[in-house]
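So the structure is just underneath, and the comments pick up after that.
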Amino acid sequence: MTSTLDLPTADDQARADLLASVDAFARKHLAPGALERAHDPSYSWDIAAKLGEQGLLGLTIDEADGGQGAGLATAVAVIRAVARHCPKSADILQAGNFGAIRTFAEFGPRAQKAAYLPDLLAGKALISLAMSEPEAGSAATELSTSVVEDGEDLVLNGTKVWGTHSVDATLFLVYVRFGPGTRGIGSVLVERDDPGFTRGQPSTYMSGEQWAQLYFDDCRIPRSRMLLGPGGFKKQMSGFNVERIGNASRSLALGRLAFDLACEHVSQRTQFGRTLNEFQGVQWTFAEAAVALEAAEALLDRAVAGAEGGLPSAYGTTVAKYAANRAGFQAADAAMQMMGALGYSTESLVEYCQRRTRGWMIAGGSLEMMKNRIAEEIFGRRFSQRAPM
């Protein structure tokens, strides 16, 4: 059966047809239970399978690797369309399109992709990025998790924290150190049941999402699981830019969802004999949020349009993430305020959107890091944030 995903993504009509199909699917299959799903910390394997059946996982992955071969703009449009109906389902789309899976599909050897991609794209498996460490969060170049070669095996030692889906993942893309300096950084693939690999007890973020600390204690894996060897750090970070695009897309989608819910509320709720939207203070709040959302959406579209080979530029991604994170949270936070106790209650998705958008101002590169990167572009030079030796 031919999918609309097979149509040329540059064709406006094909894109419109695809999004109409996705919207109808999300409205029928994802919107029911969206509130309950948002407050359930476990991974929604049933939804992942449904998304896989629809061909919505691996949108930008080459058809030769089992993906749909669509453009980044299509993937961004799809994740935003789904998030408007079910924010939690958008997280699954992120994991199946923008996160570690994109780096893996871009740079993984053919044998690795043949072994893992079929189940990942079917929603039967889940890959998680293991990058941050207790002493190396934003400063990824300071990581210490090490790998040494031992015959046909690689032996890992170290620990990772803060990983999205680290409680439920079946496969981990682990940033490791083969040697000193940035050029000594690469990555490997670790399976959930590999010897010497254990996970700590789940911890919970403010959003309700869970993560687990990862421990590698003489964890032994076959050499064939090396993804990018020494010198692979820059390639890994180019793939990470796609994750930031997914982060920005969901920030805007959840901000817009909260905005729309609050807009409906103030248009119906009456106080002092008139609807809330007749009060100037309420009008200005929505006007400010609308301008911020639309400006950030334009910057996101620019970053996506400027992607070369499916990978956006570091600067375009940085600007888009910074603007989208701020605008998404501003809209969700304002929506909560406009809806009062109902917005603050778990009876509405607004409070979830507010908590979730707040987390993306930290995850994938904090707003402070984004401003540092933007300043480097402005002044045409790098600024070291490290203390003098």
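Ordering of the structure tokens sets the chain letters (A, B, ...); residue numbers start at 1 within each chain; ligands are numbered from 1 in the order shown.
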Report task. Please identify all polymer residues within 8 Å of stretch 320-335 of chain A, counting only C-alpha atoms, omitting same-chain residues fewer than 2 positions from it, and present them as JSON, numbers by chain. Result -> {"A": [244, 245, 247, 248, 249, 251, 252, 253, 254, 255, 256, 258, 259, 261, 262, 263, 285, 286, 289, 290, 292, 293, 295, 296, 297, 299, 300, 303, 316, 317, 318, 337, 338, 339, 343, 350, 351, 353, 354, 357, 358, 360, 361, 367, 370, 371]}
Go ahead and dump the residues you just picked, C-alpha atoms, as a PDB file, in the first residue's frame.
ATOM      1  CA  ARG A 244      17.234  20.161  19.626  1.00  0.00           C
ATOM      2  CA  ILE A 245      14.936  20.741  16.657  1.00  0.00           C
ATOM      3  CA  ASN A 247      12.862  19.863  21.506  1.00  0.00           C
ATOM      4  CA  ALA A 248      11.969  23.225  19.952  1.00  0.00           C
ATOM      5  CA  SER A 249       9.086  21.706  17.975  1.00  0.00           C
ATOM      6  CA  SER A 251       7.991  23.384  23.063  1.00  0.00           C
ATOM      7  CA  LEU A 252       6.020  25.324  20.494  1.00  0.00           C
ATOM      8  CA  ALA A 253       3.378  22.641  20.075  1.00  0.00           C
ATOM      9  CA  LEU A 254       2.682  22.358  23.803  1.00  0.00           C
ATOM     10  CA  GLY A 255       2.750  26.134  24.203  1.00  0.00           C
ATOM     11  CA  ARG A 256       0.227  26.403  21.381  1.00  0.00           C
ATOM     12  CA  ALA A 258      -2.074  25.397  26.241  1.00  0.00           C
ATOM     13  CA  PHE A 259      -2.707  28.712  24.467  1.00  0.00           C
ATOM     14  CA  LEU A 261      -7.166  25.602  25.645  1.00  0.00           C
ATOM     15  CA  ALA A 262      -6.908  28.848  27.595  1.00  0.00           C
ATOM     16  CA  CYS A 263      -8.282  30.862  24.677  1.00  0.00           C
ATOM     17  CA  THR A 285      -1.621  38.483  27.730  1.00  0.00           C
ATOM     18  CA  PHE A 286      -2.797  36.472  24.726  1.00  0.00           C
ATOM     19  CA  ALA A 289       2.020  35.049  23.807  1.00  0.00           C
ATOM     20  CA  ALA A 290       0.800  34.919  20.193  1.00  0.00           C
ATOM     21  CA  ALA A 292       6.238  35.148  20.792  1.00  0.00           C
ATOM     22  CA  LEU A 293       4.872  31.866  19.413  1.00  0.00           C
ATOM     23  CA  ALA A 295       8.184  34.616  15.943  1.00  0.00           C
ATOM     24  CA  ALA A 296       9.637  31.381  17.331  1.00  0.00           C
ATOM     25  CA  GLU A 297       7.773  29.320  14.737  1.00  0.00           C
ATOM     26  CA  LEU A 299      12.842  30.893  13.457  1.00  0.00           C
ATOM     27  CA  LEU A 300      12.216  27.155  13.708  1.00  0.00           C
ATOM     28  CA  ALA A 303      16.451  26.476  10.896  1.00  0.00           C
ATOM     29  CA  GLY A 316      20.148  28.065  13.293  1.00  0.00           C
ATOM     30  CA  THR A 317      19.266  25.321  15.746  1.00  0.00           C
ATOM     31  CA  THR A 318      20.500  27.348  18.705  1.00  0.00           C
ATOM     32  CA  GLN A 337      -2.648  31.949  34.894  1.00  0.00           C
ATOM     33  CA  MET A 338      -5.615  32.772  32.657  1.00  0.00           C
ATOM     34  CA  MET A 339      -7.395  29.541  33.610  1.00  0.00           C
ATOM     35  CA  GLY A 343      -5.232  25.505  34.698  1.00  0.00           C
ATOM     36  CA  VAL A 350      -2.368  23.045  30.677  1.00  0.00           C
ATOM     37  CA  GLU A 351      -0.452  22.367  33.894  1.00  0.00           C
ATOM     38  CA  CYS A 353       2.287  21.696  29.259  1.00  0.00           C
ATOM     39  CA  GLN A 354       3.629  24.289  31.683  1.00  0.00           C
ATOM     40  CA  THR A 357       7.952  23.303  28.519  1.00  0.00           C
ATOM     41  CA  ARG A 358       9.864  24.426  31.600  1.00  0.00           C
ATOM     42  CA  TRP A 360      13.003  21.948  27.784  1.00  0.00           C
ATOM     43  CA  MET A 361      14.587  25.228  28.847  1.00  0.00           C
ATOM     44  CA  LEU A 367      19.058  28.679  27.595  1.00  0.00           C
ATOM     45  CA  MET A 370      22.241  28.816  23.833  1.00  0.00           C
ATOM     46  CA  LYS A 371      23.011  32.478  24.594  1.00  0.00           C
TER      47      LYS A 371
END
Query raised in the report: Running DSSP on the backbone, which parts of stretch 81-194 of chain A land in helix (DSSP H, G or I), as an NGL selection string?
Result: :A and (81-83 or 87-97 or 100-107 or 110-121 or 140-142 or 182-184)
Keeping N, CA and C atoms, export the residues of the selection given above as a CSV table (one decimal), in the first residue's frame.
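Result went into selection.csv, see below:
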chain,number,residue,atom,x,y,z
A,81,ALA,N,1.9,18.4,14.9
A,81,ALA,CA,0.5,18.0,14.7
A,81,ALA,C,0.0,17.0,15.7
A,82,VAL,N,0.9,16.0,16.0
A,82,VAL,CA,0.5,15.0,17.0
A,82,VAL,C,0.5,15.6,18.4
A,83,ALA,N,1.4,16.5,18.7
A,83,ALA,CA,1.5,17.1,20.1
A,83,ALA,C,0.3,17.9,20.4
A,87,PRO,N,0.4,15.3,23.9
A,87,PRO,CA,1.8,15.6,24.2
A,87,PRO,C,2.7,14.4,24.4
A,88,LYS,N,2.2,13.4,25.1
A,88,LYS,CA,3.0,12.2,25.4
A,88,LYS,C,3.3,11.4,24.1
A,89,SER,N,2.4,11.4,23.2
A,89,SER,CA,2.7,10.7,21.9
A,89,SER,C,3.8,11.4,21.1
A,90,ALA,N,3.9,12.8,21.3
A,90,ALA,CA,4.9,13.5,20.6
A,90,ALA,C,6.3,13.2,21.2
A,91,ASP,N,6.3,12.8,22.4
A,91,ASP,CA,7.6,12.3,23.0
A,91,ASP,C,8.1,11.0,22.3
A,92,ILE,N,7.1,10.2,22.0
A,92,ILE,CA,7.5,8.9,21.3
A,92,ILE,C,8.0,9.2,19.9
A,93,LEU,N,7.3,10.2,19.2
A,93,LEU,CA,7.8,10.6,17.9
A,93,LEU,C,9.2,11.2,18.0
A,94,GLN,N,9.5,11.9,19.0
A,94,GLN,CA,10.8,12.5,19.3
A,94,GLN,C,11.8,11.3,19.3
A,95,ALA,N,11.5,10.3,20.1
A,95,ALA,CA,12.4,9.2,20.3
A,95,ALA,C,12.6,8.4,19.0
A,96,GLY,N,11.6,8.4,18.1
A,96,GLY,CA,11.6,7.7,16.9
A,96,GLY,C,12.1,8.4,15.7
A,97,ASN,N,12.4,9.7,15.9
A,97,ASN,CA,12.8,10.6,14.7
A,97,ASN,C,13.9,11.5,15.0
A,100,ALA,N,18.5,10.1,19.7
A,100,ALA,CA,19.6,9.3,19.4
A,100,ALA,C,19.5,8.5,18.1
A,101,ILE,N,18.2,8.1,17.8
A,101,ILE,CA,18.0,7.3,16.6
A,101,ILE,C,18.5,8.0,15.3
A,102,ARG,N,18.4,9.4,15.3
A,102,ARG,CA,18.8,10.1,14.1
A,102,ARG,C,20.3,10.0,14.0
A,103,THR,N,21.1,10.2,15.0
A,103,THR,CA,22.5,10.1,15.0
A,103,THR,C,22.9,8.7,14.6
A,104,PHE,N,22.2,7.7,15.2
A,104,PHE,CA,22.5,6.3,14.8
A,104,PHE,C,22.3,6.0,13.3
A,105,ALA,N,21.1,6.5,12.8
A,105,ALA,CA,20.8,6.2,11.4
A,105,ALA,C,21.7,6.9,10.5
A,106,GLU,N,22.2,8.1,10.9
A,106,GLU,CA,23.1,8.9,10.0
A,106,GLU,C,24.5,8.3,10.0
A,107,PHE,N,25.0,7.8,11.1
A,107,PHE,CA,26.4,7.4,11.1
A,107,PHE,C,26.7,5.9,11.4
A,110,ARG,N,26.3,-0.2,8.3
A,110,ARG,CA,25.1,-0.9,7.7
A,110,ARG,C,24.7,-2.1,8.6
A,111,ALA,N,25.6,-2.9,9.1
A,111,ALA,CA,25.3,-4.1,9.9
A,111,ALA,C,24.6,-3.7,11.2
A,112,GLN,N,25.0,-2.6,11.8
A,112,GLN,CA,24.4,-2.2,13.0
A,112,GLN,C,22.9,-1.7,12.7
A,113,LYS,N,22.7,-1.0,11.7
A,113,LYS,CA,21.4,-0.5,11.3
A,113,LYS,C,20.5,-1.7,11.0
A,114,ALA,N,21.0,-2.7,10.3
A,114,ALA,CA,20.2,-3.8,10.0
A,114,ALA,C,19.8,-4.6,11.2
A,115,ALA,N,20.6,-4.6,12.2
A,115,ALA,CA,20.3,-5.3,13.5
A,115,ALA,C,19.3,-4.6,14.3
A,116,TYR,N,19.3,-3.3,14.4
A,116,TYR,CA,18.5,-2.6,15.3
A,116,TYR,C,17.3,-1.7,14.8
A,117,LEU,N,17.5,-1.2,13.6
A,117,LEU,CA,16.5,-0.3,13.1
A,117,LEU,C,15.1,-0.9,12.9
A,118,PRO,N,15.0,-2.1,12.4
A,118,PRO,CA,13.6,-2.7,12.2
A,118,PRO,C,12.8,-2.6,13.4
A,119,ASP,N,13.3,-3.0,14.6
A,119,ASP,CA,12.5,-3.0,15.8
A,119,ASP,C,12.3,-1.6,16.3
A,120,LEU,N,13.3,-0.7,16.1
A,120,LEU,CA,13.1,0.7,16.6
A,120,LEU,C,12.0,1.4,15.8
A,121,LEU,N,12.0,1.2,14.5
A,121,LEU,CA,11.0,1.8,13.6
A,121,LEU,C,9.6,1.2,13.7
A,140,ALA,N,29.9,18.6,27.8
A,140,ALA,CA,30.0,17.2,27.4
A,140,ALA,C,31.4,16.8,27.1
A,141,THR,N,32.3,17.7,26.7
A,141,THR,CA,33.7,17.4,26.4
A,141,THR,C,34.5,17.0,27.7
A,142,GLU,N,33.9,17.2,28.9
A,142,GLU,CA,34.5,16.8,30.1
A,142,GLU,C,34.2,15.4,30.6
A,182,THR,N,39.1,16.3,23.1
A,182,THR,CA,37.9,16.1,22.4
A,182,THR,C,38.0,15.1,21.3
A,183,ARG,N,39.2,15.0,20.7
A,183,ARG,CA,39.4,14.0,19.6
A,183,ARG,C,39.3,12.5,20.2
A,184,GLY,N,39.4,12.4,21.5
A,184,GLY,CA,39.3,11.0,22.1
A,184,GLY,C,37.9,10.6,22.3
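Interatomic distance, atom CA of A:Leu72 against atom CA of A:Ala307: 7.8 Å.
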Report task. Would you return as number ranges by chain the members of stretch 136-382 of chain A that DSSP assigns to strand (DSSP E or B) on this structure's backbone? Result -> A: 136, 146-150, 153-160, 171-177, 185-191, 197-199, 203-204, 210-211, 214-222, 226-228, 270-271, 274-275, 308, 311
Any chance you could export the current selection's C-alpha atoms as a PDB file, in the first residue's frame?
ATOM      1  CA  ALA A 136      29.912  16.565  32.903  1.00  0.00           C
ATOM      2  CA  SER A 146      35.968   5.302  29.253  1.00  0.00           C
ATOM      3  CA  VAL A 147      36.407   2.467  26.786  1.00  0.00           C
ATOM      4  CA  VAL A 148      39.417   0.204  26.382  1.00  0.00           C
ATOM      5  CA  GLU A 149      39.887  -2.451  23.740  1.00  0.00           C
ATOM      6  CA  ASP A 150      40.316  -6.030  24.854  1.00  0.00           C
ATOM      7  CA  ASP A 153      35.607  -6.648  22.876  1.00  0.00           C
ATOM      8  CA  LEU A 154      35.258  -3.140  24.246  1.00  0.00           C
ATOM      9  CA  VAL A 155      35.162  -2.640  28.014  1.00  0.00           C
ATOM     10  CA  LEU A 156      33.281   0.371  29.444  1.00  0.00           C
ATOM     11  CA  ASN A 157      33.601   1.994  32.861  1.00  0.00           C
ATOM     12  CA  GLY A 158      31.741   5.051  34.116  1.00  0.00           C
ATOM     13  CA  THR A 159      28.266   6.390  34.839  1.00  0.00           C
ATOM     14  CA  LYS A 160      25.602   8.452  33.055  1.00  0.00           C
ATOM     15  CA  LEU A 171      19.370   0.223  23.549  1.00  0.00           C
ATOM     16  CA  PHE A 172      21.693   3.054  24.594  1.00  0.00           C
ATOM     17  CA  LEU A 173      23.866   5.311  22.458  1.00  0.00           C
ATOM     18  CA  VAL A 174      26.663   6.039  24.915  1.00  0.00           C
ATOM     19  CA  TYR A 175      29.168   8.880  24.571  1.00  0.00           C
ATOM     20  CA  VAL A 176      32.541   7.507  25.696  1.00  0.00           C
ATOM     21  CA  ARG A 177      36.168   8.466  25.903  1.00  0.00           C
ATOM     22  CA  ILE A 185      35.494  11.094  22.304  1.00  0.00           C
ATOM     23  CA  GLY A 186      33.291   8.688  20.363  1.00  0.00           C
ATOM     24  CA  SER A 187      30.271   6.495  20.963  1.00  0.00           C
ATOM     25  CA  VAL A 188      29.160   2.881  21.340  1.00  0.00           C
ATOM     26  CA  LEU A 189      25.895   0.957  21.532  1.00  0.00           C
ATOM     27  CA  VAL A 190      24.997  -0.849  24.747  1.00  0.00           C
ATOM     28  CA  GLU A 191      22.073  -3.238  25.080  1.00  0.00           C
ATOM     29  CA  PHE A 197      25.648  -2.679  32.801  1.00  0.00           C
ATOM     30  CA  THR A 198      23.086  -1.812  35.494  1.00  0.00           C
ATOM     31  CA  ARG A 199      20.483   0.868  36.080  1.00  0.00           C
ATOM     32  CA  SER A 203      14.065   9.203  39.685  1.00  0.00           C
ATOM     33  CA  THR A 204      11.348  11.653  38.668  1.00  0.00           C
ATOM     34  CA  GLN A 210      11.466   9.338  34.878  1.00  0.00           C
ATOM     35  CA  TRP A 211      15.162   8.664  34.402  1.00  0.00           C
ATOM     36  CA  LEU A 214      23.385   4.168  34.338  1.00  0.00           C
ATOM     37  CA  TYR A 215      26.396   2.269  35.657  1.00  0.00           C
ATOM     38  CA  PHE A 216      29.084   0.647  33.510  1.00  0.00           C
ATOM     39  CA  ASP A 217      31.312  -1.594  35.602  1.00  0.00           C
ATOM     40  CA  ASP A 218      33.668  -3.450  33.252  1.00  0.00           C
ATOM     41  CA  CYS A 219      30.725  -3.612  30.868  1.00  0.00           C
ATOM     42  CA  ARG A 220      31.824  -5.815  27.993  1.00  0.00           C
ATOM     43  CA  ILE A 221      30.390  -5.404  24.501  1.00  0.00           C
ATOM     44  CA  PRO A 222      31.559  -6.661  21.098  1.00  0.00           C
ATOM     45  CA  MET A 226      31.364   0.861  18.150  1.00  0.00           C
ATOM     46  CA  LEU A 227      29.281   3.570  16.497  1.00  0.00           C
ATOM     47  CA  LEU A 228      31.753   6.423  16.093  1.00  0.00           C
ATOM     48  CA  THR A 270     -17.988  34.745  32.440  1.00  0.00           C
ATOM     49  CA  GLN A 271     -17.153  37.096  35.287  1.00  0.00           C
ATOM     50  CA  ARG A 274     -19.040  39.344  30.573  1.00  0.00           C
ATOM     51  CA  THR A 275     -16.606  36.777  29.206  1.00  0.00           C
ATOM     52  CA  GLU A 308      21.892  20.477   4.720  1.00  0.00           C
ATOM     53  CA  LEU A 311      21.131  18.129   9.522  1.00  0.00           C
TER      54      LEU A 311
END
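Residues in contact range of A:Ala169, defined as at most 7 Å between only C-alpha atoms, with sequence neighbours fewer than 5 positions away removed, read Leu126, Ile127 and Ser128 of chain A.
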Could the residues in this selection be written to a file with C-alpha atoms, as a PDB file, in the first residue's frame?
ATOM      1  CA  LEU A 126      13.621   2.162  22.168  1.00  0.00           C
ATOM      2  CA  ILE A 127      16.997   3.898  21.980  1.00  0.00           C
ATOM      3  CA  SER A 128      18.165   6.395  24.609  1.00  0.00           C
TER       4      SER A 128
END
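Across A:Gly137, A:Gly196, A:Gly208, A:Pro230, the tightest approach to A:Ala38 is made by A:Gly208 when counting only C-alpha atoms.
Each of A:Ala31, A:Ala75, A:Val282, A:Val304 was checked against A:Asn241 using only C-alpha atoms; the smallest atom-to-atom distance is that of A:Val304.
Remark: for A:Lys235, the closest of the candidate residues A:Ser132, A:Gly108, A:Ile79, A:Ala34 is A:Gly108 (distances computed over only C-alpha atoms).
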Query - Spatial neighbours of A:Asp23, max dist 12 Å, only C-alpha atoms, sep filter under 5 positions, as a PyMOL selection string - result: chain A and resi 16-18+28-31+77-86
Query raised in the report: If we count only C-alpha atoms, what is near A:Tyr315 at a cut-off of 8 Å, once residues fewer than 4 positions away on the same chain are taken out, given as a list of chain:residue names?
Result: A:Val319, A:Arg373, A:Ile374, A:Glu377
Save out the residues we just selected, N, CA and C atoms, as a PDB file, in the first residue's frame.
ATOM      1  N   VAL A 319      19.390  29.301  17.812  1.00  0.00           N
ATOM      2  CA  VAL A 319      18.449  30.424  17.838  1.00  0.00           C
ATOM      3  C   VAL A 319      17.011  29.913  17.942  1.00  0.00           C
ATOM      4  N   ARG A 373      26.335  30.416  22.787  1.00  0.00           N
ATOM      5  CA  ARG A 373      26.589  30.037  21.390  1.00  0.00           C
ATOM      6  C   ARG A 373      26.191  31.161  20.440  1.00  0.00           C
ATOM      7  N   ILE A 374      25.098  31.850  20.727  1.00  0.00           N
ATOM      8  CA  ILE A 374      24.659  32.960  19.886  1.00  0.00           C
ATOM      9  C   ILE A 374      25.678  34.101  19.944  1.00  0.00           C
ATOM     10  N   GLU A 377      28.606  33.570  17.708  1.00  0.00           N
ATOM     11  CA  GLU A 377      28.312  33.886  16.305  1.00  0.00           C
ATOM     12  C   GLU A 377      28.338  35.394  16.077  1.00  0.00           C
TER      13      GLU A 377
END
